[in-house]
file start29.txt (compact mmCIF, N, CA and C atoms)
# COMPACT_ATOMS: atom_id res chain seq x y z
N MET A 122 9.49 14.09 -63.39
CA MET A 122 8.71 15.08 -62.70
C MET A 122 9.53 15.60 -61.53
N MET A 123 9.52 16.90 -61.35
CA MET A 123 10.29 17.52 -60.29
C MET A 123 9.45 17.68 -59.04
N ARG A 124 10.05 17.41 -57.89
CA ARG A 124 9.34 17.55 -56.62
C ARG A 124 9.69 18.88 -55.99
N ALA A 125 8.71 19.43 -55.29
CA ALA A 125 8.96 20.68 -54.57
C ALA A 125 9.85 20.39 -53.38
N PRO A 126 10.72 21.31 -53.02
CA PRO A 126 11.58 21.07 -51.87
C PRO A 126 10.75 20.96 -50.59
N ALA A 127 11.24 20.12 -49.68
CA ALA A 127 10.54 19.93 -48.41
C ALA A 127 10.65 21.17 -47.56
N GLU A 128 9.65 21.38 -46.73
CA GLU A 128 9.67 22.49 -45.78
C GLU A 128 10.83 22.28 -44.81
N PRO A 129 11.44 23.33 -44.32
CA PRO A 129 12.51 23.16 -43.33
C PRO A 129 11.98 22.43 -42.10
N GLY A 130 12.66 21.41 -41.66
CA GLY A 130 12.27 20.66 -40.47
C GLY A 130 11.25 19.58 -40.74
N ALA A 131 10.75 19.47 -41.98
CA ALA A 131 9.75 18.44 -42.31
C ALA A 131 10.44 17.10 -42.48
N ILE A 132 9.75 16.06 -42.12
CA ILE A 132 10.26 14.71 -42.28
C ILE A 132 9.55 14.11 -43.48
N GLU A 133 10.33 13.70 -44.47
CA GLU A 133 9.74 13.12 -45.65
C GLU A 133 9.02 11.84 -45.26
N GLY A 134 7.80 11.67 -45.70
CA GLY A 134 7.02 10.49 -45.34
C GLY A 134 6.52 10.55 -43.90
N GLY A 135 6.53 11.74 -43.30
CA GLY A 135 6.13 11.90 -41.90
C GLY A 135 4.71 11.47 -41.62
N GLY A 136 3.82 11.62 -42.60
CA GLY A 136 2.44 11.20 -42.42
C GLY A 136 2.35 9.70 -42.18
N ASN A 137 3.13 8.94 -42.95
CA ASN A 137 3.14 7.49 -42.77
C ASN A 137 3.77 7.10 -41.44
N LEU A 138 4.78 7.83 -41.04
CA LEU A 138 5.43 7.56 -39.76
C LEU A 138 4.45 7.80 -38.61
N LEU A 139 3.71 8.89 -38.70
CA LEU A 139 2.72 9.20 -37.66
C LEU A 139 1.66 8.11 -37.60
N LYS A 140 1.18 7.65 -38.73
CA LYS A 140 0.19 6.57 -38.76
C LYS A 140 0.76 5.31 -38.12
N ALA A 141 2.00 4.99 -38.41
CA ALA A 141 2.63 3.80 -37.85
C ALA A 141 2.75 3.91 -36.33
N VAL A 142 3.11 5.09 -35.84
CA VAL A 142 3.23 5.31 -34.40
C VAL A 142 1.87 5.17 -33.71
N VAL A 143 0.83 5.73 -34.31
CA VAL A 143 -0.51 5.63 -33.74
C VAL A 143 -0.96 4.17 -33.70
N VAL A 144 -0.77 3.44 -34.77
CA VAL A 144 -1.15 2.03 -34.81
C VAL A 144 -0.36 1.24 -33.76
N LEU A 145 0.92 1.50 -33.65
CA LEU A 145 1.74 0.82 -32.65
C LEU A 145 1.24 1.10 -31.25
N CYS A 146 0.91 2.35 -30.96
CA CYS A 146 0.38 2.71 -29.63
C CYS A 146 -0.92 1.98 -29.34
N LEU A 147 -1.81 1.91 -30.32
CA LEU A 147 -3.07 1.19 -30.13
C LEU A 147 -2.84 -0.29 -29.87
N VAL A 148 -1.91 -0.89 -30.59
CA VAL A 148 -1.59 -2.31 -30.38
C VAL A 148 -1.06 -2.53 -28.97
N VAL A 149 -0.18 -1.65 -28.51
CA VAL A 149 0.39 -1.78 -27.16
C VAL A 149 -0.71 -1.67 -26.11
N VAL A 150 -1.60 -0.69 -26.24
CA VAL A 150 -2.68 -0.51 -25.28
C VAL A 150 -3.60 -1.73 -25.28
N LEU A 151 -3.98 -2.20 -26.45
CA LEU A 151 -4.86 -3.37 -26.52
C LEU A 151 -4.18 -4.61 -25.95
N ALA A 152 -2.91 -4.78 -26.22
CA ALA A 152 -2.19 -5.94 -25.67
C ALA A 152 -2.08 -5.85 -24.16
N ALA A 153 -1.83 -4.66 -23.65
CA ALA A 153 -1.71 -4.49 -22.20
C ALA A 153 -3.03 -4.74 -21.50
N CYS A 154 -4.12 -4.46 -22.16
CA CYS A 154 -5.44 -4.62 -21.56
C CYS A 154 -6.17 -5.86 -22.08
N SER A 155 -5.47 -6.73 -22.78
CA SER A 155 -6.13 -7.93 -23.29
C SER A 155 -6.48 -8.84 -22.12
N VAL A 156 -7.54 -9.59 -22.30
CA VAL A 156 -8.06 -10.37 -21.19
C VAL A 156 -8.43 -11.77 -21.62
N GLY A 157 -8.50 -12.64 -20.62
CA GLY A 157 -9.06 -13.97 -20.79
C GLY A 157 -10.43 -13.97 -20.15
N ARG A 158 -11.01 -15.13 -20.09
CA ARG A 158 -12.33 -15.26 -19.45
C ARG A 158 -12.13 -15.99 -18.14
N PRO A 159 -12.54 -15.37 -17.02
CA PRO A 159 -12.35 -16.02 -15.72
C PRO A 159 -13.28 -17.22 -15.55
N GLY A 160 -12.86 -18.16 -14.71
CA GLY A 160 -13.69 -19.30 -14.40
C GLY A 160 -14.87 -18.89 -13.54
N ASP A 161 -15.92 -19.71 -13.57
CA ASP A 161 -17.14 -19.40 -12.82
C ASP A 161 -16.93 -19.31 -11.32
N ASP A 162 -15.92 -20.01 -10.81
CA ASP A 162 -15.71 -20.06 -9.36
C ASP A 162 -14.58 -19.17 -8.88
N GLU A 163 -14.05 -18.32 -9.75
CA GLU A 163 -12.93 -17.46 -9.33
C GLU A 163 -13.41 -16.37 -8.38
N THR A 164 -12.54 -16.02 -7.45
CA THR A 164 -12.85 -14.98 -6.48
C THR A 164 -12.77 -13.60 -7.14
N GLY A 165 -13.27 -12.59 -6.44
CA GLY A 165 -13.17 -11.23 -6.94
C GLY A 165 -11.73 -10.82 -7.16
N GLN A 166 -10.85 -11.23 -6.26
CA GLN A 166 -9.43 -10.89 -6.41
C GLN A 166 -8.85 -11.57 -7.64
N GLU A 167 -9.19 -12.82 -7.88
CA GLU A 167 -8.69 -13.53 -9.06
C GLU A 167 -9.21 -12.89 -10.34
N ILE A 168 -10.47 -12.49 -10.34
CA ILE A 168 -11.03 -11.81 -11.51
C ILE A 168 -10.30 -10.49 -11.73
N TYR A 169 -10.06 -9.75 -10.65
CA TYR A 169 -9.34 -8.47 -10.77
C TYR A 169 -7.96 -8.70 -11.37
N GLN A 170 -7.23 -9.68 -10.87
CA GLN A 170 -5.88 -9.93 -11.37
C GLN A 170 -5.90 -10.31 -12.85
N LEU A 171 -6.91 -11.07 -13.25
CA LEU A 171 -6.99 -11.50 -14.65
C LEU A 171 -7.43 -10.38 -15.59
N LEU A 172 -8.43 -9.62 -15.19
CA LEU A 172 -9.04 -8.66 -16.11
C LEU A 172 -8.64 -7.20 -15.89
N CYS A 173 -8.27 -6.84 -14.68
CA CYS A 173 -8.14 -5.42 -14.34
C CYS A 173 -6.71 -4.96 -14.06
N ALA A 174 -5.90 -5.86 -13.50
CA ALA A 174 -4.57 -5.47 -13.01
C ALA A 174 -3.66 -4.94 -14.11
N ASN A 175 -3.83 -5.41 -15.35
CA ASN A 175 -2.97 -4.92 -16.43
C ASN A 175 -3.08 -3.41 -16.61
N CYS A 176 -4.27 -2.89 -16.41
CA CYS A 176 -4.48 -1.45 -16.62
C CYS A 176 -4.58 -0.65 -15.32
N HIS A 177 -5.07 -1.28 -14.25
CA HIS A 177 -5.29 -0.56 -12.99
C HIS A 177 -4.25 -0.90 -11.92
N ALA A 178 -3.27 -1.74 -12.24
CA ALA A 178 -2.17 -2.18 -11.38
C ALA A 178 -2.64 -3.24 -10.37
N GLU A 179 -1.75 -4.13 -10.03
CA GLU A 179 -2.07 -5.20 -9.10
C GLU A 179 -2.53 -4.67 -7.75
N ASP A 180 -2.00 -3.51 -7.35
CA ASP A 180 -2.36 -2.94 -6.04
C ASP A 180 -3.42 -1.84 -6.16
N LEU A 181 -4.11 -1.76 -7.30
CA LEU A 181 -5.21 -0.82 -7.55
C LEU A 181 -4.76 0.63 -7.62
N THR A 182 -3.47 0.90 -7.76
CA THR A 182 -2.98 2.28 -7.76
C THR A 182 -3.08 2.98 -9.11
N GLY A 183 -3.49 2.26 -10.13
CA GLY A 183 -3.65 2.86 -11.44
C GLY A 183 -2.43 2.70 -12.32
N GLY A 184 -2.60 2.98 -13.57
CA GLY A 184 -1.56 2.87 -14.58
C GLY A 184 -2.15 3.43 -15.86
N LEU A 185 -2.46 2.54 -16.80
CA LEU A 185 -3.19 2.97 -18.00
C LEU A 185 -4.60 3.41 -17.61
N GLY A 186 -5.17 2.72 -16.63
CA GLY A 186 -6.48 3.07 -16.09
C GLY A 186 -6.31 3.81 -14.78
N PRO A 187 -7.37 4.41 -14.28
CA PRO A 187 -7.28 5.20 -13.05
C PRO A 187 -7.11 4.35 -11.79
N ASP A 188 -6.68 5.01 -10.74
CA ASP A 188 -6.57 4.44 -9.40
C ASP A 188 -7.94 3.95 -8.97
N LEU A 189 -7.99 2.74 -8.40
CA LEU A 189 -9.24 2.18 -7.88
C LEU A 189 -9.18 1.93 -6.38
N GLY A 190 -8.06 2.26 -5.76
CA GLY A 190 -7.84 1.94 -4.36
C GLY A 190 -8.46 2.93 -3.39
N PRO A 191 -8.06 2.81 -2.12
CA PRO A 191 -8.58 3.70 -1.07
C PRO A 191 -8.35 5.17 -1.44
N GLY A 192 -9.37 5.98 -1.21
CA GLY A 192 -9.27 7.41 -1.50
C GLY A 192 -9.47 7.79 -2.95
N SER A 193 -9.63 6.81 -3.83
CA SER A 193 -9.81 7.12 -5.25
C SER A 193 -11.24 7.60 -5.51
N SER A 194 -11.45 8.18 -6.66
CA SER A 194 -12.80 8.63 -7.00
C SER A 194 -13.76 7.45 -7.11
N SER A 195 -13.28 6.30 -7.53
CA SER A 195 -14.17 5.13 -7.62
C SER A 195 -14.62 4.66 -6.25
N ALA A 196 -13.80 4.90 -5.23
CA ALA A 196 -14.18 4.52 -3.86
C ALA A 196 -15.37 5.33 -3.37
N ARG A 197 -15.59 6.51 -3.96
CA ARG A 197 -16.70 7.37 -3.56
C ARG A 197 -17.96 7.15 -4.41
N GLN A 198 -17.85 6.31 -5.42
CA GLN A 198 -18.99 6.05 -6.31
C GLN A 198 -19.85 4.90 -5.77
N PRO A 199 -21.14 4.91 -6.07
CA PRO A 199 -21.99 3.79 -5.65
C PRO A 199 -21.64 2.51 -6.43
N ASP A 200 -21.99 1.38 -5.87
CA ASP A 200 -21.71 0.10 -6.52
C ASP A 200 -22.25 0.06 -7.95
N GLU A 201 -23.42 0.62 -8.16
CA GLU A 201 -24.04 0.60 -9.48
C GLU A 201 -23.17 1.29 -10.53
N PHE A 202 -22.49 2.35 -10.13
CA PHE A 202 -21.60 3.06 -11.05
C PHE A 202 -20.46 2.14 -11.48
N ILE A 203 -19.86 1.44 -10.50
CA ILE A 203 -18.74 0.53 -10.79
C ILE A 203 -19.24 -0.62 -11.67
N GLU A 204 -20.41 -1.17 -11.34
CA GLU A 204 -20.97 -2.27 -12.12
C GLU A 204 -21.18 -1.85 -13.58
N LEU A 205 -21.75 -0.68 -13.78
CA LEU A 205 -21.98 -0.19 -15.14
C LEU A 205 -20.67 0.05 -15.89
N ALA A 206 -19.67 0.57 -15.19
CA ALA A 206 -18.37 0.79 -15.83
C ALA A 206 -17.77 -0.55 -16.27
N ILE A 207 -17.91 -1.58 -15.45
CA ILE A 207 -17.39 -2.90 -15.79
C ILE A 207 -18.15 -3.48 -16.98
N LEU A 208 -19.46 -3.39 -16.95
CA LEU A 208 -20.28 -4.03 -17.98
C LEU A 208 -20.33 -3.26 -19.29
N ARG A 209 -20.30 -1.94 -19.24
CA ARG A 209 -20.42 -1.12 -20.45
C ARG A 209 -19.11 -0.53 -20.94
N GLY A 210 -18.11 -0.50 -20.04
CA GLY A 210 -16.88 0.19 -20.36
C GLY A 210 -17.04 1.67 -20.02
N ARG A 211 -15.92 2.36 -20.02
CA ARG A 211 -15.96 3.80 -19.68
C ARG A 211 -14.70 4.43 -20.26
N GLY A 212 -14.85 5.46 -21.07
CA GLY A 212 -13.68 6.07 -21.71
C GLY A 212 -12.98 5.03 -22.57
N SER A 213 -11.69 4.83 -22.33
CA SER A 213 -10.94 3.85 -23.11
C SER A 213 -11.04 2.44 -22.53
N MET A 214 -11.74 2.28 -21.40
CA MET A 214 -11.91 0.96 -20.79
C MET A 214 -12.93 0.17 -21.59
N PRO A 215 -12.60 -1.07 -21.96
CA PRO A 215 -13.56 -1.89 -22.72
C PRO A 215 -14.68 -2.42 -21.84
N SER A 216 -15.74 -2.86 -22.47
CA SER A 216 -16.84 -3.52 -21.79
C SER A 216 -16.43 -4.96 -21.45
N PHE A 217 -16.85 -5.43 -20.30
CA PHE A 217 -16.59 -6.82 -19.91
C PHE A 217 -17.89 -7.62 -19.83
N SER A 218 -18.93 -7.13 -20.50
CA SER A 218 -20.23 -7.80 -20.44
C SER A 218 -20.19 -9.18 -21.08
N SER A 219 -19.29 -9.41 -22.01
CA SER A 219 -19.19 -10.73 -22.64
C SER A 219 -18.22 -11.64 -21.89
N SER A 220 -17.51 -11.10 -20.90
CA SER A 220 -16.53 -11.88 -20.14
C SER A 220 -17.02 -12.24 -18.75
N LEU A 221 -17.95 -11.47 -18.21
CA LEU A 221 -18.38 -11.66 -16.82
C LEU A 221 -19.88 -11.79 -16.71
N ASP A 222 -20.33 -12.69 -15.83
CA ASP A 222 -21.76 -12.74 -15.53
C ASP A 222 -22.01 -11.87 -14.29
N SER A 223 -23.27 -11.74 -13.90
CA SER A 223 -23.62 -10.82 -12.81
C SER A 223 -22.99 -11.24 -11.48
N GLU A 224 -22.87 -12.54 -11.22
CA GLU A 224 -22.24 -12.99 -9.97
C GLU A 224 -20.75 -12.65 -9.95
N GLN A 225 -20.09 -12.78 -11.07
CA GLN A 225 -18.67 -12.42 -11.15
C GLN A 225 -18.48 -10.92 -10.96
N VAL A 226 -19.36 -10.13 -11.53
CA VAL A 226 -19.30 -8.67 -11.35
C VAL A 226 -19.49 -8.34 -9.88
N ASP A 227 -20.45 -9.00 -9.22
CA ASP A 227 -20.67 -8.77 -7.79
C ASP A 227 -19.43 -9.11 -6.97
N ARG A 228 -18.77 -10.23 -7.29
CA ARG A 228 -17.54 -10.61 -6.57
C ARG A 228 -16.43 -9.61 -6.81
N LEU A 229 -16.32 -9.13 -8.05
CA LEU A 229 -15.29 -8.15 -8.39
C LEU A 229 -15.53 -6.83 -7.65
N VAL A 230 -16.75 -6.35 -7.65
CA VAL A 230 -17.08 -5.11 -6.93
C VAL A 230 -16.85 -5.31 -5.44
N GLY A 231 -17.22 -6.48 -4.91
CA GLY A 231 -16.97 -6.77 -3.50
C GLY A 231 -15.49 -6.72 -3.16
N TYR A 232 -14.66 -7.28 -4.03
CA TYR A 232 -13.20 -7.23 -3.82
C TYR A 232 -12.71 -5.78 -3.83
N LEU A 233 -13.18 -4.98 -4.81
CA LEU A 233 -12.76 -3.58 -4.85
C LEU A 233 -13.15 -2.86 -3.57
N ARG A 234 -14.36 -3.08 -3.10
CA ARG A 234 -14.83 -2.41 -1.88
C ARG A 234 -14.00 -2.83 -0.66
N GLU A 235 -13.67 -4.11 -0.57
CA GLU A 235 -12.81 -4.57 0.55
C GLU A 235 -11.45 -3.87 0.50
N GLU A 236 -10.87 -3.80 -0.67
CA GLU A 236 -9.55 -3.16 -0.81
C GLU A 236 -9.64 -1.66 -0.57
N GLN A 237 -10.73 -1.04 -0.93
CA GLN A 237 -10.89 0.40 -0.75
C GLN A 237 -11.07 0.76 0.72
N GLN A 238 -11.44 -0.19 1.54
CA GLN A 238 -11.62 0.06 2.99
C GLN A 238 -10.31 -0.06 3.77
N ARG A 239 -9.26 -0.53 3.12
CA ARG A 239 -7.98 -0.73 3.81
C ARG A 239 -7.28 0.57 4.07
call {"tool": "encode", "arguments": {"input": "start29.txt", "output": "structure tokens"}}
result
Amino acid sequence: MMRAPAEPGAIEGGGNLLKAVVVLCLVVVLAACSVGRPGDDETGQEIYQLLCANCHAEDLTGGLGPDLGPGSSSARQPDEFIELAILRGRGSMPSFSSSLDSEQVDRLVGYLREEQQR
């Protein structure tokens, strides 16, 4: 069977290459944002470092996720907005409702607020 000539500039098997690139990107994002479960007695800062710093940076300046530090849009949001974002997820951010209880969420939001006041 004869094959039709490829379009100029086309990459043979390009569809498979694109799929592979997309899958690789998803794996990298998920690995970068993968999390453990914090201990019951961990501070807000420890919870942030464990669950948030991979995407929002250790200094809250953002990276894969948005800036959470002083002057950021999250600094202008009410606590309830931040709590819901943590528990339900937002955009590409996953939900942490299975990783955090309400006291841990309160400590995490408290840590963010302290850092946002600096």
call {"tool": "atom_distance", "arguments": {"input": "start29.txt", "atom1": "atom N of Pro187 in chain A", "atom2": "atom C of Leu138 in chain A"}}
result
27.3 Å
call {"tool": "residues_around", "arguments": {"input": "start29.txt", "residues": "Gln170 in chain A", "least_positions_apart": "4", "cutoff": "12 Å", "atoms": "only C-alpha atoms", "output": "list in words"}}
result
Cys154, Val156, Gly157, Arg158, Pro159, Glu163, Thr164, Gly165, Gln166, Ala174, Asn175, Cys176, His177, Ala178, Glu179, Asp180, Leu181, Leu229, Tyr232 and Leu233 of chain A
call {"tool": "atom_distance", "arguments": {"input": "start29.txt", "atom1": "CA of Gly212 in chain A", "atom2": "CA of Gly160 in chain A"}}
result
26.4 Å
call {"tool": "closest_residue", "arguments": {"input": "start29.txt", "among": "A:Gly186, A:Gln198, A:Leu172, A:Leu139", "to": "Ser213 in chain A", "atoms": "all atoms listed in the file"}}
result
A:Gly186
call {"tool": "closest_residue", "arguments": {"input": "start29.txt", "among": "A:Leu171, A:Met214, A:Leu189, A:Leu205", "to": "Gln237 in chain A", "atoms": "only C-alpha atoms"}}
result
A:Leu189
call {"tool": "closest_residue", "arguments": {"input": "start29.txt", "among": "A:Arg234, A:Arg228, A:Arg211, A:Arg239", "to": "Glu167 in chain A", "atoms": "all atoms listed in the file"}}
result
A:Arg228
call {"tool": "atom_distance", "arguments": {"input": "start29.txt", "atom1": "CA of Gln238 in chain A", "atom2": "CA of Pro191 in chain A"}}
result
6.2 Å
call {"tool": "residues_around", "arguments": {"input": "start29.txt", "residues": "Phe217 in chain A", "least_positions_apart": "3", "cutoff": "6 Å", "atoms": "all atoms listed in the file", "output": "list in words"}}
result
Ile207, Leu208, Arg209, Gly210, Ser220 and Leu221 of chain A
call {"tool": "closest_residue", "arguments": {"input": "start29.txt", "among": "A:Ala206, A:Ile168, A:Cys173, A:Leu185", "to": "Gln225 in chain A", "atoms": "all atoms listed in the file"}}
result
A:Ile168
call {"tool": "decode", "arguments": {"input": "start29.txt", "residues": "range 137-234 of chain A", "atoms": "C-alpha atoms", "output": "mmCIF file, in the first residue's frame"}}
result
data_model
loop_
_atom_site.group_PDB
_atom_site.id
_atom_site.type_symbol
_atom_site.label_atom_id
_atom_site.label_comp_id
_atom_site.auth_asym_id
_atom_site.auth_seq_id
_atom_site.Cartn_x
_atom_site.Cartn_y
_atom_site.Cartn_z
ATOM 1 C CA ASN A 137 1.982 10.573 19.237
ATOM 2 C CA LEU A 138 4.813 12.940 20.079
ATOM 3 C CA LEU A 139 2.342 15.602 21.176
ATOM 4 C CA LYS A 140 0.510 13.090 23.377
ATOM 5 C CA ALA A 141 3.803 12.027 24.954
ATOM 6 C CA VAL A 142 4.762 15.651 25.670
ATOM 7 C CA VAL A 143 1.371 16.369 27.260
ATOM 8 C CA VAL A 144 1.585 13.257 29.452
ATOM 9 C CA LEU A 145 5.132 14.144 30.471
ATOM 10 C CA CYS A 146 4.067 17.680 31.414
ATOM 11 C CA LEU A 147 1.205 16.345 33.525
ATOM 12 C CA VAL A 148 3.537 13.921 35.309
ATOM 13 C CA VAL A 149 6.000 16.732 36.066
ATOM 14 C CA VAL A 150 3.252 19.005 37.439
ATOM 15 C CA LEU A 151 1.777 16.238 39.583
ATOM 16 C CA ALA A 152 5.206 15.247 40.899
ATOM 17 C CA ALA A 153 6.073 18.847 41.708
ATOM 18 C CA CYS A 154 2.828 19.269 43.612
ATOM 19 C CA SER A 155 2.740 15.836 45.220
ATOM 20 C CA VAL A 156 2.192 15.907 48.930
ATOM 21 C CA GLY A 157 2.417 13.930 52.115
ATOM 22 C CA ARG A 158 0.112 14.152 55.074
ATOM 23 C CA PRO A 159 1.234 16.552 57.815
ATOM 24 C CA GLY A 160 1.283 15.487 61.445
ATOM 25 C CA ASP A 161 -1.487 16.650 63.766
ATOM 26 C CA ASP A 162 0.874 18.899 65.718
ATOM 27 C CA GLU A 163 2.689 20.570 62.814
ATOM 28 C CA THR A 164 2.735 24.350 62.683
ATOM 29 C CA GLY A 165 1.221 26.378 59.859
ATOM 30 C CA GLN A 166 4.705 26.988 58.500
ATOM 31 C CA GLU A 167 5.518 23.264 58.540
ATOM 32 C CA ILE A 168 2.247 22.473 56.777
ATOM 33 C CA TYR A 169 3.005 25.163 54.184
ATOM 34 C CA GLN A 170 6.485 23.759 53.544
ATOM 35 C CA LEU A 171 5.114 20.234 53.166
ATOM 36 C CA LEU A 172 2.033 20.924 51.063
ATOM 37 C CA CYS A 173 2.342 24.344 49.444
ATOM 38 C CA ALA A 174 5.976 25.329 48.894
ATOM 39 C CA ASN A 175 6.461 23.031 45.881
ATOM 40 C CA CYS A 176 3.994 25.091 43.873
ATOM 41 C CA HIS A 177 3.881 28.464 45.679
ATOM 42 C CA ALA A 178 7.631 28.672 46.586
ATOM 43 C CA GLU A 179 9.167 28.509 50.041
ATOM 44 C CA ASP A 180 8.987 32.307 50.329
ATOM 45 C CA LEU A 181 5.364 32.498 49.026
ATOM 46 C CA THR A 182 6.459 34.305 45.829
ATOM 47 C CA GLY A 183 4.762 31.830 43.514
ATOM 48 C CA GLY A 184 5.924 29.410 40.864
ATOM 49 C CA LEU A 185 3.545 26.843 39.417
ATOM 50 C CA GLY A 186 0.951 28.384 41.722
ATOM 51 C CA PRO A 187 0.331 32.091 42.295
ATOM 52 C CA ASP A 188 2.105 34.418 44.701
ATOM 53 C CA LEU A 189 0.674 34.164 48.229
ATOM 54 C CA GLY A 190 2.906 36.722 49.933
ATOM 55 C CA PRO A 191 2.509 40.380 50.887
ATOM 56 C CA GLY A 192 0.681 42.415 48.253
ATOM 57 C CA SER A 193 -0.662 39.330 46.471
ATOM 58 C CA SER A 194 -4.294 38.951 45.510
ATOM 59 C CA SER A 195 -4.680 36.249 48.166
ATOM 60 C CA ALA A 196 -3.590 38.765 50.813
ATOM 61 C CA ARG A 197 -6.687 40.815 49.916
ATOM 62 C CA GLN A 198 -9.083 37.861 50.130
ATOM 63 C CA PRO A 199 -11.028 36.940 53.282
ATOM 64 C CA ASP A 200 -9.893 33.922 55.295
ATOM 65 C CA GLU A 201 -12.928 31.957 54.093
ATOM 66 C CA PHE A 202 -11.773 32.311 50.482
ATOM 67 C CA ILE A 203 -8.332 30.891 51.346
ATOM 68 C CA GLU A 204 -9.894 28.090 53.417
ATOM 69 C CA LEU A 205 -12.172 27.080 50.548
ATOM 70 C CA ALA A 206 -9.297 27.164 48.062
ATOM 71 C CA ILE A 207 -7.298 24.845 50.341
ATOM 72 C CA LEU A 208 -10.174 22.450 50.972
ATOM 73 C CA ARG A 209 -11.769 22.388 47.500
ATOM 74 C CA GLY A 210 -8.858 23.283 45.257
ATOM 75 C CA ARG A 211 -8.903 26.101 42.727
ATOM 76 C CA GLY A 212 -7.970 25.972 39.045
ATOM 77 C CA SER A 213 -5.121 23.473 38.763
ATOM 78 C CA MET A 214 -4.598 23.423 42.556
ATOM 79 C CA PRO A 215 -5.763 20.134 44.089
ATOM 80 C CA SER A 216 -8.083 19.821 47.058
ATOM 81 C CA PHE A 217 -6.420 19.173 50.414
ATOM 82 C CA SER A 218 -9.620 18.149 52.201
ATOM 83 C CA SER A 219 -8.337 14.591 52.604
ATOM 84 C CA SER A 220 -4.935 15.781 53.869
ATOM 85 C CA LEU A 221 -5.889 18.490 56.370
ATOM 86 C CA ASP A 222 -8.373 18.806 59.191
ATOM 87 C CA SER A 223 -9.990 22.130 60.130
ATOM 88 C CA GLU A 224 -7.379 22.942 62.817
ATOM 89 C CA GLN A 225 -4.542 22.384 60.345
ATOM 90 C CA VAL A 226 -6.278 24.611 57.796
ATOM 91 C CA ASP A 227 -6.642 27.303 60.482
ATOM 92 C CA ARG A 228 -2.908 27.067 61.314
ATOM 93 C CA LEU A 229 -2.000 27.219 57.623
ATOM 94 C CA VAL A 230 -4.188 30.279 56.995
ATOM 95 C CA GLY A 231 -2.755 31.874 60.152
ATOM 96 C CA TYR A 232 0.779 31.329 58.847
ATOM 97 C CA LEU A 233 -0.141 32.845 55.467
ATOM 98 C CA ARG A 234 -1.660 35.891 57.172
#
